[in-house]
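Chemist: First the structure, then my questions, so here it is.
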Amino acid sequence: MTEFGCARCSGEDALTALAFCTTRLNKTHRLVERSHFSISLRRCPECGQSFAAIFTEFVDGGEDAQYFDFVPLTTAEVSSLAKQGPRVDLAELGALGSVRRRLSSSWPTGGEKEISWRTDSLSVREGH
């Protein structure tokens with residue numbers, strides 16, 4: 001068990017958790033919705049844990065790099081981010097993802113796809 005979430009949305013196996021989170025979490029707010037960048041707030045139907053779901057794609061004319069992170073959030077953080085709406089503070093969101101365990105799918109251009117739990121620095125920036 002982790003500080004945030006349940007065995008379904010935050011279980012030890014990152015691949016299983018990613019499959020659950022991408023298909024079963026309920027969207028509660030859409031903050032940013034662009035073709036190469038999106039941020040939504042989602043909630044686990046099993047335990048009620050909230051997450052910021054961040055998708056970023058960098059189009060480079062080949063195998064476009066794609067990154068997807070699920071950052072667990074407290075109730076106060078959900079409220080703050082929801083109020084910011086499309087003007088969400090990307091540095092603030094990155095800071096939240098840098099201080100706690102987050103679920104990450106990383107597929108850099110020309111690289112191998114990696115799905116893992118991460119606790120390192122998260123830089124949130126708009127894709128293109």
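Just so we're on the same page: first chain in the structure tokens is A, next is B, and so on; residues restart at 1 for each chain, and ligands are numbered from 1 in the order they show up.
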Write out as a count of residues only all residues of chain A that DSSP puts in strand (DSSP E) for this structure's backbone.
Modeler: 45
Chemist: When you look at A:Ser121 with a cut-off of 8 Å (counting only C-alpha atoms), what residues show up, excluding the ones that are within fewer than 3 positions of it in the same chain? I need them as a PyMOL selection string.
Modeler: chain A and resi 94-95+97-99
Chemist: List the spatial neighbours of A:Ser40 as a VMD selection string - criterion: any atom at most 12 Å away, only C-alpha atoms, same-chain residues fewer than 6 positions off excluded.
Modeler: chain A and resid 22 25 to 34 50 to 55 68 to 71 73 78 81 to 82 84 to 86 88 93
Chemist: Restricting the calculation to only C-alpha atoms: of A:Arg43, A:Arg100, A:Arg125, A:Arg87, which residue gets closest to A:Glu57?
Modeler: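 The closest residue to A:Glu57 is A:Arg125.
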Chemist: Tell me, as number ranges by chain, which residues lie within 12 Å of stretch 4-6 of chain A, counting only C-alpha atoms; anything in the same chain fewer than 2 positions away does not count.
Modeler: A: 1-2, 8-12, 17, 20-21, 25, 43-51, 70-75, 100-103
Chemist: Keeping only C-alpha atoms, take the residues you just selected and write them out as a PDB file, in the first residue's frame.
Modeler:
ATOM      1  CA  MET A   1       0.000   0.000   0.000  1.00  0.00           C
ATOM      2  CA  THR A   2       1.115   3.536  -0.688  1.00  0.00           C
ATOM      3  CA  ARG A   8      -5.910  -0.747  -8.281  1.00  0.00           C
ATOM      4  CA  CYS A   9      -4.728   2.814  -9.012  1.00  0.00           C
ATOM      5  CA  SER A  10      -1.440   2.749  -7.083  1.00  0.00           C
ATOM      6  CA  GLY A  11      -0.458  -0.918  -6.906  1.00  0.00           C
ATOM      7  CA  GLU A  12       3.170  -1.975  -7.091  1.00  0.00           C
ATOM      8  CA  ALA A  17      -1.741   0.409 -12.590  1.00  0.00           C
ATOM      9  CA  PHE A  20      -6.320   0.728 -14.804  1.00  0.00           C
ATOM     10  CA  CYS A  21      -5.647   4.476 -14.649  1.00  0.00           C
ATOM     11  CA  LEU A  25     -10.241   6.792 -13.707  1.00  0.00           C
ATOM     12  CA  ARG A  43     -10.614  10.239  -9.672  1.00  0.00           C
ATOM     13  CA  CYS A  44     -10.324   6.536  -8.868  1.00  0.00           C
ATOM     14  CA  PRO A  45     -13.764   4.850  -8.748  1.00  0.00           C
ATOM     15  CA  GLU A  46     -12.443   2.299  -6.225  1.00  0.00           C
ATOM     16  CA  CYS A  47     -10.911   4.516  -3.533  1.00  0.00           C
ATOM     17  CA  GLY A  48     -11.639   8.127  -4.512  1.00  0.00           C
ATOM     18  CA  GLN A  49      -7.962   9.091  -4.939  1.00  0.00           C
ATOM     19  CA  SER A  50      -7.545  12.090  -7.259  1.00  0.00           C
ATOM     20  CA  PHE A  51      -4.828  12.483  -9.876  1.00  0.00           C
ATOM     21  CA  PHE A  70      -0.465  10.419 -13.212  1.00  0.00           C
ATOM     22  CA  VAL A  71       0.320  12.595 -10.187  1.00  0.00           C
ATOM     23  CA  PRO A  72      -1.668  11.824  -7.001  1.00  0.00           C
ATOM     24  CA  LEU A  73      -3.310  14.870  -5.442  1.00  0.00           C
ATOM     25  CA  THR A  74      -4.833  15.898  -2.146  1.00  0.00           C
ATOM     26  CA  THR A  75      -8.337  17.393  -2.010  1.00  0.00           C
ATOM     27  CA  ARG A 100       5.731  12.107  -4.393  1.00  0.00           C
ATOM     28  CA  ARG A 101       5.532   8.811  -6.206  1.00  0.00           C
ATOM     29  CA  ARG A 102       3.851   9.144  -9.614  1.00  0.00           C
ATOM     30  CA  LEU A 103       2.931   6.742 -12.393  1.00  0.00           C
TER      31      LEU A 103
END
Chemist: May I ask for the distance between atom CA of A:Lys113 and atom CA of A:Glu92, given in Å to one decimal place?
Modeler: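 Interatomic distance here is 26.4 Å.
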Chemist: Per DSSP on the backbone, what are the helix (DSSP H, G or I) residues of stretch 63-108 of chain A, as a PDB file with C-alpha atoms, in the first residue's frame?
Modeler:
ATOM      1  CA  THR A  75      -8.337  17.393  -2.010  1.00  0.00           C
ATOM      2  CA  ALA A  76      -6.887  20.888  -1.482  1.00  0.00           C
ATOM      3  CA  GLU A  77      -4.594  20.487  -4.510  1.00  0.00           C
ATOM      4  CA  VAL A  78      -7.520  19.376  -6.703  1.00  0.00           C
ATOM      5  CA  SER A  79      -9.473  22.453  -5.639  1.00  0.00           C
ATOM      6  CA  SER A  80      -6.542  24.785  -6.344  1.00  0.00           C
ATOM      7  CA  LEU A  81      -5.790  23.285  -9.770  1.00  0.00           C
ATOM      8  CA  ALA A  82      -9.467  23.203 -10.778  1.00  0.00           C
ATOM      9  CA  LYS A  83      -9.781  26.928  -9.966  1.00  0.00           C
ATOM     10  CA  GLN A  84      -6.767  27.674 -12.188  1.00  0.00           C
ATOM     11  CA  GLY A  85      -8.434  25.967 -15.141  1.00  0.00           C
ATOM     12  CA  PRO A  86      -6.621  26.402 -18.470  1.00  0.00           C
ATOM     13  CA  ARG A  87      -4.172  28.812 -16.838  1.00  0.00           C
ATOM     14  CA  LEU A  90       2.831  24.159 -14.880  1.00  0.00           C
ATOM     15  CA  ALA A  91       5.696  24.765 -12.440  1.00  0.00           C
ATOM     16  CA  GLU A  92       3.353  24.133  -9.492  1.00  0.00           C
ATOM     17  CA  LEU A  93       2.077  20.935 -11.091  1.00  0.00           C
ATOM     18  CA  GLY A  94       5.622  19.767 -11.782  1.00  0.00           C
ATOM     19  CA  ALA A  95       6.586  20.478  -8.179  1.00  0.00           C
ATOM     20  CA  LEU A  96       3.718  18.270  -6.946  1.00  0.00           C
ATOM     21  CA  GLY A  97       4.888  15.458  -9.213  1.00  0.00           C
ATOM     22  CA  SER A  98       8.451  15.836  -7.985  1.00  0.00           C
TER      23      SER A  98
END
Chemist: If I take atom CA of A:Asp13 and atom CA of A:Trp117, how far is one from the other in Å, to one decimal?
Modeler: 8.5 Å
Chemist: Just how far from atom CA of A:Val59 is atom CA of A:Ser104, in Å to one decimal?
Modeler: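 Answer for the atom CA of A:Ser104 to atom CA of A:Val59 separation: 19.3 Å.
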Chemist: Of the candidates A:Arg24, A:Glu3, A:Ala14, A:Asp64, which shows the shortest atom-to-atom distance to A:His128, using only C-alpha atoms?
Modeler: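 Using only C-alpha atoms, the shortest distance to A:His128 belongs to A:Asp64.
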Chemist: Please provide the set of residues having any atom within 10 Å of A:Ser106, restricted to only C-alpha atoms, with same-chain residues fewer than 4 positions apart removed, written as number ranges by chain.
Modeler: A: 56, 65-69, 111-116
